[in-house]
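Q: Quick one: the structure is below, and I'll ask about it shortly.
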Amino acid sequence: MNFVDIILDKRYGKALSDEQIDFFIRSVTEKTVPDYQVSSLLMAIVLNGMDDREMTTLTMKMASSGEMNDLSYVDGIAVDKHSTGGVGDKITPIVLPLCATFGVPGVKLSGRGLGFTGGTVDKFESIKGFNVQVAQEDFPKYLKNCGMVISGQTPSLAPADKILYALRDVTGTVDSIPLIASSIMSKKIAGGAEAIVLDVTCGSGAFMKTREDAEKLARAMISIGNLAGRKTVAVITDMDEPLGKAVGNVLEMQEVHEVLLGKGSEDVVEVACALASQMIILAGKNEGMSIEVLTEECRKRISDGTVLSKYYELISSQGGTILPTGAPDYVEKPFEEMRVPATSDGYISGIKADVIGHASVMLGAGRLTKEDNIDYGAGICFYKKVGDKVRRGDVVCSLYRGESATLADEKLFDVMEMVSDAISYSDTPVEPHKAVIDVIS
Ligand code: URA
């Protein structure tokens, strides 16, 4: 088979055969094709798309390019959850113990943050002693211990996706529905999940800027999941403003603790309960409860401390430290460095999530390259959300750095300006954003 013919077929809008897709992914994994030919094919896919059969074949070939996890030791249905990325997304540390209180086995492989979206592994790593590199063969021991385990993805999980993602990142071929859908679903399928709940984010801080595109991505992933024999449900959630109050590793884990003490932001609780109830249903652990009753039960377990106890079990099981006060012991203390005041009287009409994500990376909370060190204490904490009434001069948010601050003092003013410009105001009342936009199954 000739790689140029595959490029030409896709360039002229033809559907690729399963054999062509197999050749493409084998050539990428075995590194027998130069990057320029792969990039050219990726661009042809961006421009001419793929049908459901092509996307499913691409996904399965990427999934089987490395190790396929076998979760047959799991007692029950292993349900995985994945977010298409966002700013302030601290849902996994809430959903994992929440689902465990219903007996849903939690085996979670998560990534580190790159670019302006944070990574769940970095967030757990901000708890002192928490081990995020659990060996696969030890998963059954951890599951027996507390019903959950979370670990960083190994390089052997869907290696073709890693190679393709690195190329997409530098060739303007990231935001393509078939490429995003196959990239995400290949890792979920290789991870061994029998059922998958997708948090498809939508808005300025997400890959999909509009609801229409988010629905298209959701439907593409559901179709792949179903054709691959995995029950798949998607929840479309808002990512036009950051989720909850905090952005940054320790700050977000502090917010998780606050949520589990029953004092969390409504949007975080709403998204967590919407995702968890879908996961519980797919795992068959809803005990006859309708989705509405189940969602209420999730809220109750968050507010009455049931989930907090499970969260403590998870932290202890993986070596994390909990202080006598009940708060986890974090690797850095966030220091409030600067307050960002409202520049106008009125109602907050927008807080651009992408700009806040970039500002938080500048403060040191995220990485621009895989090798960058992060300041776990850095980030931004909001006291106001879209729809809130403010007076000029009220504090809208604060900028934080940790003890290991990497950002020079004089640069703080640039970040402050950037954050201030990301916040818009209206003279007339503004509706708060709906956190959960739709559920597609
Ligand atoms: N997340 C992924 O894992 N892959 C993509 O292509 C985009 C988001």
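Ligands are numbered from 1 in the order shown, residues from 1 within each chain, and chains are lettered A, B, ... in the order they appear in the structure tokens.
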Name the residues, by chain letter and number, that sit within 9 Å of ligand 1 using only C-alpha atoms and all ligand atoms, and give them as an MDAnalysis selection string.
A: chainID A and resid 82:85 111 161:162 164:165 168 174:187 207
Q: Please dump the current selection as a short mmCIF file (atom, residue, chain, number, x, y, z; two decimals), in the first residue's frame; keep N, CA and C atoms.
A:
```
data_model
loop_
_atom_site.label_atom_id
_atom_site.label_comp_id
_atom_site.auth_asym_id
_atom_site.auth_seq_id
_atom_site.Cartn_x
_atom_site.Cartn_y
_atom_site.Cartn_z
N HIS A 82 -14.89 10.91 30.94
CA HIS A 82 -13.85 11.72 30.30
C HIS A 82 -14.40 13.10 29.98
N SER A 83 -13.58 14.11 30.23
CA SER A 83 -13.98 15.46 29.86
C SER A 83 -13.18 15.90 28.64
N THR A 84 -13.83 16.61 27.73
CA THR A 84 -13.10 17.07 26.55
C THR A 84 -12.25 18.30 26.89
N GLY A 85 -12.20 18.67 28.15
CA GLY A 85 -11.25 19.69 28.58
C GLY A 85 -11.89 21.00 28.98
N GLY A 111 -4.77 12.16 32.75
CA GLY A 111 -3.58 12.79 32.17
C GLY A 111 -3.11 13.98 32.98
N ASP A 161 -1.92 7.49 19.30
CA ASP A 161 -2.58 8.77 19.60
C ASP A 161 -1.55 9.79 20.09
N LYS A 162 -0.60 9.32 20.90
CA LYS A 162 0.41 10.28 21.42
C LYS A 162 1.20 10.89 20.27
N LEU A 164 0.30 11.08 17.07
CA LEU A 164 -0.58 11.93 16.24
C LEU A 164 -0.90 13.24 16.94
N TYR A 165 -1.15 13.16 18.27
CA TYR A 165 -1.54 14.38 18.99
C TYR A 165 -0.40 15.41 18.95
N ARG A 168 -0.46 16.93 15.57
CA ARG A 168 -1.65 17.79 15.39
C ARG A 168 -1.43 19.14 16.08
N VAL A 174 -5.68 20.19 15.34
CA VAL A 174 -6.27 19.68 16.58
C VAL A 174 -7.80 19.69 16.50
N ASP A 175 -8.38 20.85 16.16
CA ASP A 175 -9.84 20.91 16.28
C ASP A 175 -10.58 20.38 15.06
N SER A 176 -10.64 19.06 15.03
CA SER A 176 -11.37 18.34 13.99
C SER A 176 -12.19 17.28 14.73
N ILE A 177 -13.48 17.21 14.45
CA ILE A 177 -14.33 16.27 15.20
C ILE A 177 -13.86 14.82 15.05
N PRO A 178 -13.58 14.31 13.83
CA PRO A 178 -13.13 12.90 13.77
C PRO A 178 -11.82 12.67 14.51
N LEU A 179 -10.91 13.65 14.47
CA LEU A 179 -9.61 13.44 15.13
C LEU A 179 -9.74 13.53 16.65
N ILE A 180 -10.54 14.47 17.15
CA ILE A 180 -10.73 14.58 18.60
C ILE A 180 -11.48 13.34 19.11
N ALA A 181 -12.55 12.98 18.39
CA ALA A 181 -13.39 11.85 18.84
C ALA A 181 -12.56 10.56 18.88
N SER A 182 -11.77 10.30 17.83
CA SER A 182 -11.01 9.04 17.82
C SER A 182 -9.89 9.08 18.85
N SER A 183 -9.30 10.26 19.07
CA SER A 183 -8.22 10.39 20.06
C SER A 183 -8.74 10.06 21.46
N ILE A 184 -9.86 10.67 21.82
CA ILE A 184 -10.42 10.44 23.16
C ILE A 184 -10.90 8.99 23.31
N MET A 185 -11.69 8.53 22.34
CA MET A 185 -12.30 7.21 22.49
C MET A 185 -11.26 6.09 22.43
N SER A 186 -10.14 6.30 21.70
CA SER A 186 -9.12 5.23 21.63
C SER A 186 -8.54 5.00 23.03
N LYS A 187 -8.33 6.10 23.78
CA LYS A 187 -7.75 5.95 25.12
C LYS A 187 -8.76 5.32 26.09
N PHE A 207 -12.76 23.04 23.33
CA PHE A 207 -12.45 22.87 21.91
C PHE A 207 -13.64 23.27 21.06
#
```
Q: Please return, as a ChimeraX atom specification, all residues of range 168-364 of chain A that DSSP assigns to strand (DSSP E) on the basis of the backbone.
A: /A:195-202,231-238,246-247,335-341,346-351
Q: Identify, on the basis of only C-alpha atoms, every residue whose closest approach to range 368-385 of chain A does not exceed 7 Å; exclude the query and any residue fewer than 3 positions from it along the same chain; express the result as a ChimeraX atom specification.
A: /A:114-115,126,245-251,332-334,348,360,363-365,388,396-402,404-406
Q: Excluding Asp394 in chain A and residues on its chain fewer than 2 positions from it, collect all residues at most 7 Å away from it, counting only C-alpha atoms, and give them as a PyMOL selection string.
A: chain A and resi 341-342+390-392+396
Q: Take the selection from the previous step and output its residues with N, CA, C and O atoms, as a PDB file, in the first residue's frame.
A:
```pdb
ATOM      1  N   PRO A 341     -10.239  44.116  40.798  1.00  0.00           N
ATOM      2  CA  PRO A 341     -11.521  44.760  41.106  1.00  0.00           C
ATOM      3  C   PRO A 341     -12.441  44.876  39.889  1.00  0.00           C
ATOM      4  O   PRO A 341     -11.970  44.902  38.751  1.00  0.00           O
ATOM      5  N   ALA A 342     -13.740  44.974  40.163  1.00  0.00           N
ATOM      6  CA  ALA A 342     -14.705  45.231  39.078  1.00  0.00           C
ATOM      7  C   ALA A 342     -14.419  46.629  38.531  1.00  0.00           C
ATOM      8  O   ALA A 342     -14.178  47.568  39.303  1.00  0.00           O
ATOM      9  N   VAL A 390     -22.432  43.617  40.758  1.00  0.00           N
ATOM     10  CA  VAL A 390     -21.218  44.153  41.399  1.00  0.00           C
ATOM     11  C   VAL A 390     -21.243  45.679  41.413  1.00  0.00           C
ATOM     12  O   VAL A 390     -21.924  46.314  40.599  1.00  0.00           O
ATOM     13  N   ARG A 391     -20.467  46.227  42.345  1.00  0.00           N
ATOM     14  CA  ARG A 391     -20.186  47.676  42.349  1.00  0.00           C
ATOM     15  C   ARG A 391     -18.748  47.834  41.898  1.00  0.00           C
ATOM     16  O   ARG A 391     -17.902  46.982  42.216  1.00  0.00           O
ATOM     17  N   ARG A 392     -18.463  48.913  41.178  1.00  0.00           N
ATOM     18  CA  ARG A 392     -17.088  49.208  40.765  1.00  0.00           C
ATOM     19  C   ARG A 392     -16.172  49.134  41.996  1.00  0.00           C
ATOM     20  O   ARG A 392     -16.500  49.700  43.052  1.00  0.00           O
ATOM     21  N   VAL A 396     -13.446  40.901  42.233  1.00  0.00           N
ATOM     22  CA  VAL A 396     -14.058  39.834  41.413  1.00  0.00           C
ATOM     23  C   VAL A 396     -13.266  38.535  41.584  1.00  0.00           C
ATOM     24  O   VAL A 396     -13.830  37.453  41.667  1.00  0.00           O
TER      25      VAL A 396
END
```
Q: For a quick check of understanding, using only C-alpha atoms, which of A:Val132, A:Leu198, A:Leu243, A:Met148 has the smallest distance to Gly320 in chain A?
A: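 Residue with the minimum atom-to-atom distance to Gly320 in chain A: A:Val132.
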Q: Taking 5 positions as the minimum chain separation for residues in the same chain, which residues sit within 6 Å of range 86-100 of chain A when counting only C-alpha atoms? Answer as a ChimeraX atom specification.
A: /A:117,205-206,242-243,246-247,272,276,307,310-311,357
Q: Could you go through range 107-339 of chain A and tell me which residues DSSP, when run on the backbone, assigns to helix (DSSP H, G or I), listing them as a ChimeraX atom specification?
A: /A:120-125,136-146,159-169,177-190,211-227,249-263,266-282,291-303,306-317
Q: Would you list the contacts of Ala327 in chain A as JSON, numbers by chain, taking every protein, DNA or RNA residue within 12 Å and counting only C-alpha atoms, but skipping same-chain residues closer than 3 positions in sequence?
A: {"A": [127, 128, 250, 253, 254, 255, 256, 257, 258, 260, 261, 308, 309, 311, 312, 315, 320, 321, 322, 323, 324, 330]}
Q: Find, counting only C-alpha atoms, the residue in A:Pro155, A:Gly13, A:Gly191, A:Gly172 that gets nearest to Lys81 in chain A.
A: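 So, comparing all the options, the nearest one is A:Gly191.
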Q: What separation in Å, quoted to one decimal, exists between CA of Gly106 in chain A and CA of Leu143 in chain A?
A: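 For CA of Gly106 in chain A relative to CA of Leu143 in chain A, the distance reads 7.5 Å.
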Q: What lies within 12 Å of Leu167 in chain A using only C-alpha atoms, ignoring chain neighbours under 2 positions off, as a VMD selection string?
A: chain A and resid 28 34 to 43 160 to 165 169 to 174 179
Q: Give the answer as one residue: which of A:Ile7, A:Ala158, A:Ile150, A:Val259 has the shortest atom-to-atom distance to Arg301 in chain A, using only C-alpha atoms?
A: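 Of all the options, A:Val259 lies closest to Arg301 in chain A.
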